[in-house]
Each structure stands twice: as C-alpha cells, then as structure tokens.
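Colleague: For reference, this is start.cif, and it has mmCIF, C-alpha atoms.
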```cif
data_data
loop_
_atom_site.group_PDB
_atom_site.id
_atom_site.type_symbol
_atom_site.label_atom_id
_atom_site.label_comp_id
_atom_site.auth_asym_id
_atom_site.auth_seq_id
_atom_site.Cartn_x
_atom_site.Cartn_y
_atom_site.Cartn_z
ATOM 1 C CA MET I 1 0.000 0.000 0.000
ATOM 2 C CA LYS I 2 1.253 3.482 -0.848
ATOM 3 C CA SER I 3 2.280 5.540 2.177
ATOM 4 C CA SER I 4 -0.151 8.324 1.185
ATOM 5 C CA LYS I 5 -3.054 5.840 1.186
ATOM 6 C CA ALA I 6 -2.025 4.471 4.601
ATOM 7 C CA LEU I 7 -1.878 8.026 5.935
ATOM 8 C CA GLY I 8 -5.304 8.676 4.388
ATOM 9 C CA LEU I 9 -6.765 5.767 6.355
ATOM 10 C CA LEU I 10 -5.180 7.043 9.572
ATOM 11 C CA LEU I 11 -6.624 10.490 8.840
ATOM 12 C CA LEU I 12 -10.079 9.029 8.324
ATOM 13 C CA VAL I 13 -9.881 7.290 11.708
ATOM 14 C CA ILE I 14 -8.692 10.492 13.459
ATOM 15 C CA GLN I 15 -11.396 12.616 11.807
ATOM 16 C CA VAL I 16 -14.197 10.193 12.668
ATOM 17 C CA ALA I 17 -12.898 9.843 16.253
ATOM 18 C CA GLY I 18 -12.575 13.627 16.594
ATOM 19 C CA MET I 19 -16.070 14.247 15.271
ATOM 20 C CA LEU I 20 -17.499 11.560 17.542
ATOM 21 C CA ALA I 21 -15.659 13.008 20.552
ATOM 22 C CA PHE I 22 -17.007 16.480 19.729
ATOM 23 C CA VAL I 23 -20.650 15.379 19.375
ATOM 24 C CA VAL I 24 -20.596 13.114 22.448
ATOM 25 C CA SER I 25 -18.836 15.763 24.606
ATOM 26 C CA VAL I 26 -21.158 18.609 23.638
ATOM 27 C CA HIS I 27 -24.239 16.416 24.111
ATOM 28 C CA THR I 28 -23.057 15.318 27.575
ATOM 29 C CA ILE I 29 -22.153 18.855 28.658
ATOM 30 C CA PHE I 30 -25.515 20.272 27.670
ATOM 31 C CA THR I 31 -27.559 17.518 29.313
ATOM 32 C CA VAL I 32 -25.655 18.146 32.574
ATOM 33 C CA ILE I 33 -25.765 21.950 32.416
ATOM 34 C CA ARG I 34 -29.495 21.953 31.654
ATOM 35 C CA SER I 35 -30.189 19.887 34.763
ATOM 36 C CA ALA I 36 -27.887 21.912 37.029
ATOM 37 C CA GLY I 37 -30.346 24.682 37.828
ATOM 38 C CA PRO I 38 -31.592 25.253 41.367
ATOM 39 C CA ASP I 39 -34.547 23.133 42.488
ATOM 40 C CA GLY I 40 -37.706 25.175 42.897
ATOM 41 C CA GLY I 41 -36.723 27.840 40.378
ATOM 42 C CA GLN I 42 -35.115 31.109 41.462
ATOM 43 C CA ALA I 43 -36.327 31.088 45.089
ATOM 44 C CA ILE I 44 -33.521 30.366 47.570
ATOM 45 C CA PRO I 45 -34.640 29.388 51.087
ATOM 46 C CA VAL I 46 -33.131 31.608 53.781
ATOM 47 C CA GLU I 47 -33.045 30.736 57.487
ATOM 48 C CA ILE I 48 -32.285 33.535 59.908
ATOM 49 C CA ASP I 49 -30.686 32.764 63.260
ATOM 50 C CA GLU I 50 -31.118 35.881 65.423
ATOM 51 C CA ASN I 51 -28.968 34.404 68.197
ATOM 52 C CA THR I 52 -25.838 34.063 66.071
ATOM 53 C CA GLY I 53 -26.690 36.909 63.705
ATOM 54 C CA MET I 54 -26.192 34.615 60.740
ATOM 55 C CA ALA I 55 -28.404 33.845 57.766
ATOM 56 C CA LYS I 56 -28.243 30.453 56.096
ATOM 57 C CA LEU I 57 -28.975 30.215 52.362
ATOM 58 C CA THR I 58 -29.630 26.703 51.060
ATOM 59 C CA PHE I 59 -29.077 25.809 47.408
ATOM 60 C CA THR I 60 -30.445 22.481 46.250
ATOM 61 C CA MET I 61 -30.224 20.955 42.814
ATOM 62 C CA SER I 62 -30.606 17.552 41.207
ATOM 63 C CA PRO I 63 -28.099 17.425 38.352
ATOM 64 C CA GLY I 64 -28.259 14.495 35.981
ATOM 65 C CA ASN I 65 -26.140 13.202 33.140
ATOM 66 C CA GLY I 66 -28.186 12.195 30.110
ATOM 67 C CA GLY I 67 -25.068 11.852 27.978
ATOM 68 C CA PHE I 68 -23.043 8.822 26.922
ATOM 69 C CA ILE I 69 -19.879 9.531 28.910
ATOM 70 C CA GLY I 70 -19.160 10.577 32.499
ATOM 71 C CA ALA I 71 -18.913 14.225 33.462
ATOM 72 C CA SER I 72 -17.808 16.166 36.502
ATOM 73 C CA LEU I 73 -19.881 19.057 37.716
ATOM 74 C CA SER I 74 -18.515 21.839 39.880
ATOM 75 C CA VAL I 75 -20.742 24.381 41.582
ATOM 76 C CA GLN I 76 -19.657 27.450 43.512
ATOM 77 C CA VAL I 77 -21.950 29.946 45.175
ATOM 78 C CA GLY I 78 -20.861 33.101 46.897
ATOM 79 C CA ILE I 79 -21.769 36.586 48.025
ATOM 80 C CA VAL I 80 -19.393 39.084 46.463
ATOM 81 C CA ALA I 81 -18.690 42.569 47.832
ATOM 82 C CA PRO I 82 -18.474 45.545 45.435
ATOM 83 C CA ASP I 83 -14.665 45.361 45.619
ATOM 84 C CA GLY I 84 -14.752 41.737 44.339
ATOM 85 C CA GLN I 85 -13.994 40.114 47.728
ATOM 86 C CA TYR I 86 -16.025 37.051 48.698
ATOM 87 C CA LEU I 87 -18.071 37.731 51.847
ATOM 88 C CA ALA I 88 -19.130 34.086 51.896
ATOM 89 C CA MET I 89 -18.400 31.221 49.528
ATOM 90 C CA ASN I 90 -19.017 27.492 49.228
ATOM 91 C CA SER I 91 -18.159 25.086 46.463
ATOM 92 C CA THR I 92 -18.430 21.423 45.624
ATOM 93 C CA ARG I 93 -17.615 19.039 42.831
ATOM 94 C CA LEU I 94 -19.261 15.754 41.938
ATOM 95 C CA TYR I 95 -18.894 13.113 39.283
ATOM 96 C CA LEU I 96 -21.912 11.998 37.284
ATOM 97 C CA ASP I 97 -21.858 8.635 35.534
ATOM 98 C CA PRO I 98 -23.788 8.430 32.257
ATOM 99 C CA GLY I 99 -27.517 8.162 32.980
ATOM 100 C CA SER I 100 -27.119 9.001 36.676
ATOM 101 C CA ARG I 101 -28.728 11.755 38.746
ATOM 102 C CA LYS I 102 -27.563 13.036 42.141
ATOM 103 C CA SER I 103 -28.884 15.433 44.725
ATOM 104 C CA LEU I 104 -26.786 18.353 45.776
ATOM 105 C CA GLU I 105 -27.289 20.677 48.711
ATOM 106 C CA MET I 106 -25.021 23.584 49.541
ATOM 107 C CA THR I 107 -25.348 26.096 52.311
ATOM 108 C CA LEU I 108 -23.975 29.577 52.546
ATOM 109 C CA LYS I 109 -23.741 31.259 55.930
ATOM 110 C CA VAL I 110 -23.717 35.035 55.752
ATOM 111 C CA PRO I 111 -23.948 37.674 58.500
ATOM 112 C CA ILE I 112 -27.474 39.101 58.484
ATOM 113 C CA GLU I 113 -26.241 42.660 57.902
ATOM 114 C CA ARG I 114 -24.385 41.476 54.772
ATOM 115 C CA LEU I 115 -27.555 39.830 53.491
ATOM 116 C CA ASN I 116 -29.448 43.039 54.183
ATOM 117 C CA GLU I 117 -26.794 44.959 52.254
ATOM 118 C CA TYR I 118 -27.327 42.554 49.352
ATOM 119 C CA ALA I 119 -31.110 42.940 49.549
ATOM 120 C CA ALA I 120 -30.772 46.720 49.584
ATOM 121 C CA GLY I 121 -28.534 46.749 46.525
ATOM 122 C CA GLY I 122 -25.368 48.774 46.813
ATOM 123 C CA GLY I 123 -23.192 46.618 44.605
ATOM 124 C CA THR I 124 -23.122 43.356 46.559
ATOM 125 C CA SER I 125 -23.744 40.395 44.258
ATOM 126 C CA LEU I 126 -24.785 36.770 44.450
ATOM 127 C CA GLU I 127 -22.482 34.666 42.298
ATOM 128 C CA VAL I 128 -23.216 31.179 41.001
ATOM 129 C CA GLN I 129 -20.545 29.363 39.004
ATOM 130 C CA THR I 130 -21.411 26.114 37.261
ATOM 131 C CA GLY I 131 -18.781 24.134 35.382
ATOM 132 C CA VAL I 132 -19.005 20.849 33.516
ATOM 133 C CA ARG I 133 -16.001 18.909 32.253
ATOM 134 C CA THR I 134 -16.109 15.654 30.334
ATOM 135 C CA LEU I 135 -13.949 13.370 28.186
ATOM 136 C CA GLN I 136 -11.427 12.872 30.999
ATOM 137 C CA ASP I 137 -11.710 16.602 31.854
ATOM 138 C CA LEU I 138 -10.406 17.533 28.397
ATOM 139 C CA VAL I 139 -13.529 19.376 27.214
ATOM 140 C CA GLY I 140 -15.352 21.878 29.390
ATOM 141 C CA PHE I 141 -18.060 24.469 29.665
ATOM 142 C CA SER I 142 -18.689 26.881 32.510
ATOM 143 C CA THR I 143 -21.083 29.693 33.293
ATOM 144 C CA THR I 144 -20.709 32.373 35.929
ATOM 145 C CA ILE I 145 -23.759 34.417 36.855
ATOM 146 C CA ARG I 146 -23.382 37.475 39.067
ATOM 147 C CA ALA I 147 -26.710 38.963 40.109
ATOM 148 C CA LYS I 148 -26.731 42.298 41.899
ATOM 149 C CA GLY I 149 -28.959 42.642 44.910
ATOM 150 C CA GLY I 150 -31.785 45.063 45.363
ATOM 151 C CA GLY I 151 -34.372 43.079 43.434
ATOM 152 C CA GLN I 152 -37.338 41.140 44.736
ATOM 153 C CA MET K 1 -15.427 12.515 -15.029
ATOM 154 C CA SER K 2 -12.407 14.641 -15.918
ATOM 155 C CA ARG K 3 -10.327 16.396 -13.238
ATOM 156 C CA ARG K 4 -11.550 19.775 -14.455
ATOM 157 C CA THR K 5 -15.232 18.869 -14.272
ATOM 158 C CA SER K 6 -14.694 17.311 -10.875
ATOM 159 C CA ALA K 7 -12.898 20.469 -9.658
ATOM 160 C CA ILE K 8 -15.690 22.739 -10.903
ATOM 161 C CA LEU K 9 -18.397 20.606 -9.253
ATOM 162 C CA SER K 10 -16.391 20.478 -6.037
ATOM 163 C CA ALA K 11 -15.964 24.275 -6.101
ATOM 164 C CA LEU K 12 -19.699 24.767 -6.678
ATOM 165 C CA PHE K 13 -20.434 22.494 -3.701
ATOM 166 C CA THR K 14 -17.966 24.497 -1.573
ATOM 167 C CA LEU K 15 -19.639 27.748 -2.635
ATOM 168 C CA ALA K 16 -23.069 26.353 -1.788
ATOM 169 C CA ILE K 17 -21.908 25.421 1.738
ATOM 170 C CA PHE K 18 -19.663 28.393 2.553
ATOM 171 C CA VAL K 19 -21.507 31.137 0.654
ATOM 172 C CA GLY K 20 -25.091 29.998 0.026
ATOM 173 C CA LEU K 21 -25.663 28.681 3.544
ATOM 174 C CA PRO K 22 -24.394 31.824 5.380
ATOM 175 C CA ILE K 23 -26.492 34.072 3.115
ATOM 176 C CA GLY K 24 -29.509 31.842 3.846
ATOM 177 C CA VAL K 25 -28.818 32.016 7.599
ATOM 178 C CA LEU K 26 -28.541 35.826 7.452
ATOM 179 C CA TYR K 27 -31.815 36.017 5.541
ATOM 180 C CA LEU K 28 -33.682 33.658 7.907
ATOM 181 C CA LEU K 29 -32.163 34.801 11.230
ATOM 182 C CA PRO K 30 -34.702 36.864 13.188
ATOM 183 C CA ALA K 31 -33.466 40.429 13.727
ATOM 184 C CA ASP K 32 -34.083 40.297 17.491
ATOM 185 C CA LEU K 33 -31.981 37.124 17.826
ATOM 186 C CA ALA K 34 -29.135 38.745 15.885
ATOM 187 C CA ALA K 35 -29.386 41.777 18.201
ATOM 188 C CA GLN K 36 -29.316 39.526 21.297
ATOM 189 C CA LEU K 37 -26.240 37.696 19.968
ATOM 190 C CA SER K 38 -24.467 40.976 19.254
ATOM 191 C CA GLN K 39 -25.174 41.998 22.868
ATOM 192 C CA VAL K 40 -23.033 39.082 24.057
ATOM 193 C CA GLY K 41 -20.225 40.180 21.756
ATOM 194 C CA PHE K 42 -20.958 37.603 19.064
ATOM 195 C CA SER K 43 -21.311 39.132 15.607
ATOM 196 C CA VAL K 44 -23.276 36.773 13.353
ATOM 197 C CA GLN K 45 -22.645 39.065 10.391
ATOM 198 C CA GLY K 46 -18.892 39.062 11.072
ATOM 199 C CA LEU K 47 -18.680 35.261 11.395
ATOM 200 C CA LEU K 48 -20.722 34.722 8.229
ATOM 201 C CA ASP K 49 -18.668 37.312 6.295
ATOM 202 C CA GLN K 50 -15.480 35.493 7.276
ATOM 203 C CA THR K 51 -17.073 32.170 6.264
ATOM 204 C CA VAL K 52 -18.012 33.562 2.842
ATOM 205 C CA ILE K 53 -14.474 34.897 2.241
ATOM 206 C CA ILE K 54 -12.936 31.561 3.238
ATOM 207 C CA GLY K 55 -15.461 29.736 1.004
ATOM 208 C CA VAL K 56 -14.604 31.861 -2.028
ATOM 209 C CA VAL K 57 -10.854 31.326 -1.475
ATOM 210 C CA ILE K 58 -11.261 27.545 -1.048
ATOM 211 C CA ALA K 59 -13.473 27.353 -4.176
ATOM 212 C CA ALA K 60 -10.906 29.335 -6.204
ATOM 213 C CA ILE K 61 -8.096 27.037 -5.032
ATOM 214 C CA THR K 62 -10.208 23.958 -5.853
ATOM 215 C CA ILE K 63 -10.799 25.177 -9.415
ATOM 216 C CA ALA K 64 -7.131 26.119 -9.837
ATOM 217 C CA LYS K 65 -6.076 22.635 -8.680
ATOM 218 C CA GLY K 66 -8.319 21.083 -11.345
ATOM 219 C CA PHE K 67 -6.567 22.993 -14.101
ATOM 220 C CA ILE K 68 -2.973 22.521 -12.914
ATOM 221 C CA ASP K 69 -0.838 19.424 -13.425
ATOM 222 C CA ASP K 70 -0.777 17.529 -10.108
ATOM 223 C CA LYS K 71 2.974 16.985 -10.415
ATOM 224 C CA THR K 72 3.893 20.671 -10.338
ATOM 225 C CA VAL K 73 5.119 22.585 -7.306
ATOM 226 C CA THR K 74 2.244 25.051 -7.795
ATOM 227 C CA TYR K 75 -0.283 22.232 -7.323
ATOM 228 C CA LEU K 76 1.453 21.152 -4.108
ATOM 229 C CA LEU K 77 1.490 24.721 -2.770
ATOM 230 C CA LEU K 78 -2.215 25.169 -3.578
ATOM 231 C CA ASN K 79 -2.993 21.887 -1.808
ATOM 232 C CA LEU K 80 -1.042 22.995 1.292
ATOM 233 C CA ALA K 81 -2.729 26.413 1.225
ATOM 234 C CA SER K 82 -6.152 24.755 1.013
ATOM 235 C CA ASN K 83 -5.358 22.714 4.132
ATOM 236 C CA GLY K 84 -4.091 25.813 5.937
ATOM 237 C CA ILE K 85 -7.285 27.704 5.170
ATOM 238 C CA THR K 86 -9.377 24.783 6.407
ATOM 239 C CA LEU K 87 -7.457 24.973 9.698
ATOM 240 C CA LEU K 88 -8.105 28.719 9.872
ATOM 241 C CA PHE K 89 -11.816 28.044 9.403
ATOM 242 C CA THR K 90 -11.767 25.509 12.261
ATOM 243 C CA PHE K 91 -10.075 28.080 14.554
ATOM 244 C CA MET K 92 -12.721 30.613 13.544
ATOM 245 C CA VAL K 93 -15.718 28.345 14.182
ATOM 246 C CA LEU K 94 -14.444 27.043 17.534
ATOM 247 C CA GLY K 95 -13.652 30.619 18.591
ATOM 248 C CA LEU K 96 -17.093 31.885 17.444
ATOM 249 C CA GLY K 97 -15.397 34.230 15.007
ATOM 250 C CA ASN K 98 -12.402 34.984 17.223
ATOM 251 C CA VAL K 99 -9.485 33.120 15.618
ATOM 252 C CA GLY K 100 -7.118 34.094 18.444
ATOM 253 C CA SER K 101 -9.146 32.420 21.189
ATOM 254 C CA MET K 102 -7.352 29.115 20.474
ATOM 255 C CA GLY K 103 -10.342 26.993 21.452
ATOM 256 C CA LEU K 104 -10.943 28.729 24.786
ATOM 257 C CA THR K 105 -13.915 30.940 23.991
ATOM 258 C CA THR K 106 -15.370 33.414 26.480
ATOM 259 C CA VAL K 107 -18.713 35.137 25.997
ATOM 260 C CA ASN K 108 -19.905 37.920 28.336
ATOM 261 C CA LEU K 109 -23.514 38.944 28.664
ATOM 262 C CA ASN K 110 -24.234 42.091 30.672
ATOM 263 C CA MET K 111 -27.773 42.941 31.673
ATOM 264 C CA GLU K 112 -29.132 45.577 34.001
ATOM 265 C CA ASN K 113 -28.706 43.659 37.265
ATOM 266 C CA ALA K 114 -26.739 40.612 36.262
ATOM 267 C CA GLU K 115 -23.730 39.625 34.269
ATOM 268 C CA THR K 116 -23.126 36.193 32.824
ATOM 269 C CA THR K 117 -19.825 34.784 31.627
ATOM 270 C CA VAL K 118 -19.726 31.603 29.557
ATOM 271 C CA VAL K 119 -16.419 29.821 28.920
ATOM 272 C CA MET K 120 -16.144 26.991 26.409
ATOM 273 C CA ASP K 121 -12.975 24.898 26.521
ATOM 274 C CA MET K 122 -12.627 23.237 23.111
ATOM 275 C CA ARG K 123 -8.836 23.161 23.056
ATOM 276 C CA LEU K 124 -8.702 19.364 22.670
ATOM 277 C CA LEU K 125 -10.820 19.553 19.521
ATOM 278 C CA LEU K 126 -8.580 22.281 18.160
ATOM 279 C CA GLN K 127 -5.529 20.105 18.831
ATOM 280 C CA VAL K 128 -7.201 17.242 16.930
ATOM 281 C CA ALA K 129 -7.917 19.657 14.053
ATOM 282 C CA VAL K 130 -4.273 20.814 13.998
ATOM 283 C CA LEU K 131 -3.056 17.185 14.004
ATOM 284 C CA THR K 132 -5.458 16.352 11.167
ATOM 285 C CA VAL K 133 -4.327 19.270 9.011
ATOM 286 C CA VAL K 134 -0.635 18.547 9.624
ATOM 287 C CA LEU K 135 -1.201 14.915 8.575
ATOM 288 C CA LYS K 136 -3.178 16.095 5.525
ATOM 289 C CA MET K 137 -0.285 18.340 4.531
ATOM 290 C CA ILE K 138 2.138 15.409 4.885
ATOM 291 C CA GLN K 139 -0.276 13.313 2.807
ATOM 292 C CA ALA K 140 -0.387 16.028 0.119
ATOM 293 C CA VAL K 141 3.417 16.017 -0.084
ATOM 294 C CA LEU K 142 3.523 12.200 -0.253
ATOM 295 C CA GLU K 143 0.866 12.105 -2.999
ATOM 296 C CA TRP K 144 2.734 14.765 -4.954
ATOM 297 C CA ARG K 145 6.012 12.849 -4.678
ATOM 298 C CA GLU K 146 4.324 9.567 -5.634
ATOM 299 C CA ALA K 147 2.747 11.223 -8.702
ATOM 300 C CA ARG K 148 6.146 12.533 -9.786
ATOM 301 C CA VAL K 149 7.822 9.134 -9.249
ATOM 302 C CA GLU K 150 5.060 7.405 -11.238
ATOM 303 C CA ALA K 151 5.403 9.923 -14.059
ATOM 304 C CA ALA K 152 9.188 9.419 -14.108
ATOM 305 C CA GLN K 153 8.755 5.632 -14.180
ATOM 306 C CA LYS K 154 6.347 5.914 -17.129
ATOM 307 C CA VAL K 155 8.843 8.057 -19.021
ATOM 308 C CA ASN K 156 11.627 5.562 -18.260
ATOM 309 C CA ALA K 157 9.447 2.633 -19.339
ATOM 310 C CA SER K 158 8.671 4.311 -22.637
ATOM 311 C CA GLN K 159 12.380 5.094 -23.202
ATOM 312 C CA PRO K 160 14.327 1.905 -22.335
ATOM 313 C CA GLY K 161 18.043 2.399 -21.821
ATOM 314 C CA THR K 162 17.683 5.899 -20.389
ATOM 315 C CA PRO K 163 19.636 6.127 -17.128
ATOM 316 C CA THR K 164 17.470 6.723 -14.045
ATOM 317 C CA GLN K 165 18.358 9.221 -11.346
#
```
Take the structure I supplied and represent it as structure tokens, if you would.
Modeller:
Amino acid sequence: MKSSKALGLLLLVIQVAGMLAFVVSVHTIFTVIRSAGPDGGQAIPVEIDENTGMAKLTFTMSPGNGGFIGASLSVQVGIVAPDGQYLAMNSTRLYLDPGSRKSLEMTLKVPIERLNEYAAGGGTSLEVQTGVRTLQDLVGFSTTIRAKGGGQ
Amino acid sequence: MSRRTSAILSALFTLAIFVGLPIGVLYLLPADLAAQLSQVGFSVQGLLDQTVIIGVVIAAITIAKGFIDDKTVTYLLLNLASNGITLLFTFMVLGLGNVGSMGLTTVNLNMENAETTVVMDMRLLLQVAVLTVVLKMIQAVLEWREARVEAAQKVNASQPGTPTQ
C-alpha cells in the first residue's frame, strides 16, 4: 500500500474519532448543564438565626447526566462585595456517571447585615458558578452568573 | 469525469456550503436574535462574512487545482494552502469568530442587574484539528512525490536504456 493511502486511512480514523468526541462531549455537557439549575426555580430558602446573627442560604439541585460519557460538575456559590472580595463562599464538585442523577445541597452562611446589604442593593452580588467537564476533563463548559442585589 | 469537471463541481459544492448557507442564515435569522447575539459580543454578520471569504478562497483554489498538473510545485502549494485555510476556518468556528481564542472561547452577557460569563474549553478539539491538518499536509506532499515518481517511471518505461536518477 502506498504511504499516502495508509496516511489517508489514519486520517479518516482520526477525523471520525474527533467528530465523535465532539458530538458526544457537547451532548453530555448540555444535558448536565441543563439539569444543574436550582430546584424550585429562582427562590432560595433563607433561614435567619437571630442568636448568632447569621443567615443560612440553602441551594439544592438535582443534576443528571443524560449523555453517553461521564462528566464532573462543579458548583460554587458566593456573596461578592463591590470590591470583588467574597463575603461568603461554598463550592463542591461531583462526578456523574452516564444516565445518573444526584442530589446536591449547599449552604452559605452570611452575617445578616451582609444579606441586608445585598437585599438593599449597593453593589453586593450573588455569584453562582457552574462548570461541567467531560472526556477525561479535556472538554469543558462553565457559566458564571453574578446577580446584583436590590431586586425582589 | 475529468479532473476539471470534478474540480468545478467540487468548487460549486464548496460555494453552496460556505456562501449559500451563510447568506440563507442571514436572511432567515430573526433580527431580534441577531441583536441579542451581538449583545453578548458575538457578531453573526462578522462570522458569516469570514465564512463567505474563506469559502470563495477555497473554491478558487479547488478550481485552480483542477486545471494545474498535479505533479507541479504550484499544485502542491495550492494543496497545502487549502489545508491551511481549512485549519483557519476551524479556529474561527471554535472561537465563534475569534481566531485568536485558540479553542478557549469566552462570551460575556451584561444585563441591568446581572452579568453572565460563559467559557467553552474546546482546546482538545482544536488540537485534533491541527493534528489532522498537519497529517493532511504530509499526505499532500507524499501524494505529490508519488505522482512525480510514477510519471518518471512511465517516461523511463517508454524510453528503455535511459539512465534513471
């Protein structure tokens, strides 16, 4: 066989494998990211402890992997001051096998006055980072949402 | 089918994909969606313009290749250029129009009370694309050399007694 033909066959294998890896990775990432929203919509339960002066925000979600390969999901939530400093932050990472679904609960403890500052606006933000990596962590997608306080 | 006919048909197919399709997308894309995409820093018009330019260049090279002897250096250079442009197109698509993003594309969306940042890490796929194009370039050189060797052997066979190099 001519060397150019042999190389052509190798190229065909690489191209098909690359295309397959692309489709499978993107499909997996989007099935995970779509399921990684907070349970119960936008409402975040807040418990106030007057004795300690702390407020506890609880984030729950039930991410699932509807793709064909495993994926790792990382979630980080935090309250960010106007100068970019984290007033409170919590993060976690979990691995989702194909077809699996897991429950995730994260809490964020914030001094009540900080939460009031957030509610009143003034530049304090709630930040939620969601990242998905698949194909042995070689392909990834992440979103970071920073919502300023002062809304409903 | 002759090489020339094949080259012309191939060029027409390239034009249909790289020129016809983008024009169709521009025509069918709702104006509000295009405005939303431009808000996140993604210019549909810019990406499609680049696609059309690349399509025209690839089609021109394809036609030129059909009319040039495949044993000439010019043919080899056109083949290598065609592969290089294909790689450029891959960089452009994976970077959503930003060739310099090298597969790590960041999109920012700023609204009144919230800002969203999306990061897509497609560097592995870009590396596969680079590997593929490099191998295609090596293949183009090998094919060119094989064509020249075959042509030389034919000449030698038709002229027995001529010393070979």
Colleague: Using only C-alpha atoms, find the residues of chain I whose closest atom to chain K is at most 6 Å away, then write them as a VMD selection string.
Modeller: chain I and resid 4 139 to 148
Colleague: Between CA of Glu113 in chain I and CA of Lys56 in chain I, what is the spacing in Å?
Modeller: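 Between CA of Lys56 in chain I and CA of Glu113 in chain I the gap is 12.5 Å.
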Colleague: Report as a list in words the residues that result from applying the PyMOL selection byres ((chain K and resi 67-82) around 9) to the structure here.
Modeller: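 Checking the PyMOL selection byres ((chain K and resi 67-82) around 9) against this file, the residues are Arg3, Arg4, Ala7, Val57, Ile58, Ile61, Thr62, Ile63, Ala64, Lys65, Gly66, Asn83, Gly84, Ile85, Thr86, Leu87, Lys136, Met137, Ile138, Ala140, Val141, Trp144, Arg145, Glu146, Ala147, Arg148 and Ala151 of chain K.
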Colleague: Quick one: everything within 12 Å of range 70-74 of chain I, counting only C-alpha atoms, minus sequence neighbours fewer than 6 positions away in the same chain. Send it as number ranges by chain.
Modeller: I: 24-37, 61-64, 90-104, 106, 128-144
Colleague: For the residues in the current selection, export C-alpha atoms as a compact mmCIF listing (two decimals), in the coordinates of the input.
Modeller:
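Writing the result to selection.txt gives the following:
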```
# COMPACT_ATOMS: atom_id res chain seq x y z
CA VAL I 24 -20.60 13.11 22.45
CA SER I 25 -18.84 15.76 24.61
CA VAL I 26 -21.16 18.61 23.64
CA HIS I 27 -24.24 16.42 24.11
CA THR I 28 -23.06 15.32 27.58
CA ILE I 29 -22.15 18.86 28.66
CA PHE I 30 -25.52 20.27 27.67
CA THR I 31 -27.56 17.52 29.31
CA VAL I 32 -25.66 18.15 32.57
CA ILE I 33 -25.76 21.95 32.42
CA ARG I 34 -29.50 21.95 31.65
CA SER I 35 -30.19 19.89 34.76
CA ALA I 36 -27.89 21.91 37.03
CA GLY I 37 -30.35 24.68 37.83
CA MET I 61 -30.22 20.96 42.81
CA SER I 62 -30.61 17.55 41.21
CA PRO I 63 -28.10 17.42 38.35
CA GLY I 64 -28.26 14.50 35.98
CA ASN I 90 -19.02 27.49 49.23
CA SER I 91 -18.16 25.09 46.46
CA THR I 92 -18.43 21.42 45.62
CA ARG I 93 -17.61 19.04 42.83
CA LEU I 94 -19.26 15.75 41.94
CA TYR I 95 -18.89 13.11 39.28
CA LEU I 96 -21.91 12.00 37.28
CA ASP I 97 -21.86 8.64 35.53
CA PRO I 98 -23.79 8.43 32.26
CA GLY I 99 -27.52 8.16 32.98
CA SER I 100 -27.12 9.00 36.68
CA ARG I 101 -28.73 11.76 38.75
CA LYS I 102 -27.56 13.04 42.14
CA SER I 103 -28.88 15.43 44.72
CA LEU I 104 -26.79 18.35 45.78
CA MET I 106 -25.02 23.58 49.54
CA VAL I 128 -23.22 31.18 41.00
CA GLN I 129 -20.54 29.36 39.00
CA THR I 130 -21.41 26.11 37.26
CA GLY I 131 -18.78 24.13 35.38
CA VAL I 132 -19.00 20.85 33.52
CA ARG I 133 -16.00 18.91 32.25
CA THR I 134 -16.11 15.65 30.33
CA LEU I 135 -13.95 13.37 28.19
CA GLN I 136 -11.43 12.87 31.00
CA ASP I 137 -11.71 16.60 31.85
CA LEU I 138 -10.41 17.53 28.40
CA VAL I 139 -13.53 19.38 27.21
CA GLY I 140 -15.35 21.88 29.39
CA PHE I 141 -18.06 24.47 29.66
CA SER I 142 -18.69 26.88 32.51
CA THR I 143 -21.08 29.69 33.29
CA THR I 144 -20.71 32.37 35.93
```
Colleague: The residues within 12 Å of (-13.1, 38.1, 18.3), using only C-alpha atoms and the coordinates of the file, should be reported as a list of chain:residue names; which are they?
Modeller: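 In the file's frame, the residues around the point are K:Ser38, K:Val40, K:Gly41, K:Phe42, K:Ser43, K:Val44, K:Gly46, K:Leu47, K:Gln50, K:Phe91, K:Met92, K:Val93, K:Leu94, K:Gly95, K:Leu96, K:Gly97, K:Asn98, K:Val99, K:Gly100, K:Ser101, K:Met102, K:Gly103, K:Leu104, K:Thr105, K:Thr106, K:Val107.
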Colleague: So, counting all atoms listed in the file, which residue among I:Leu12, I:Met1, I:Val75, I:Ala81 is closest to Gly121 in chain I?
Modeller: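 Of I:Leu12, I:Met1, I:Val75, I:Ala81, the one nearest Gly121 in chain I is I:Ala81, counting all atoms listed in the file.
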Colleague: Taking the file as I've supplied it (selection: the PyMOL selection byres ((chain I and resi 123) around 10)), which residues are included? Please answer as a list in words.
Modeller: Val80, Ala81, Pro82, Asp83, Gly84, Glu117, Tyr118, Ala120, Gly121, Gly122, Thr124, Ser125, Leu126, Ala147, Lys148, Gly149 and Gly150 of chain I; Asn113 of chain K
Colleague: Quick one: pull the distance between CA of Glu105 in chain I and CA of Phe59 in chain I, Å, one decimal.
Modeller: 5.6 Å
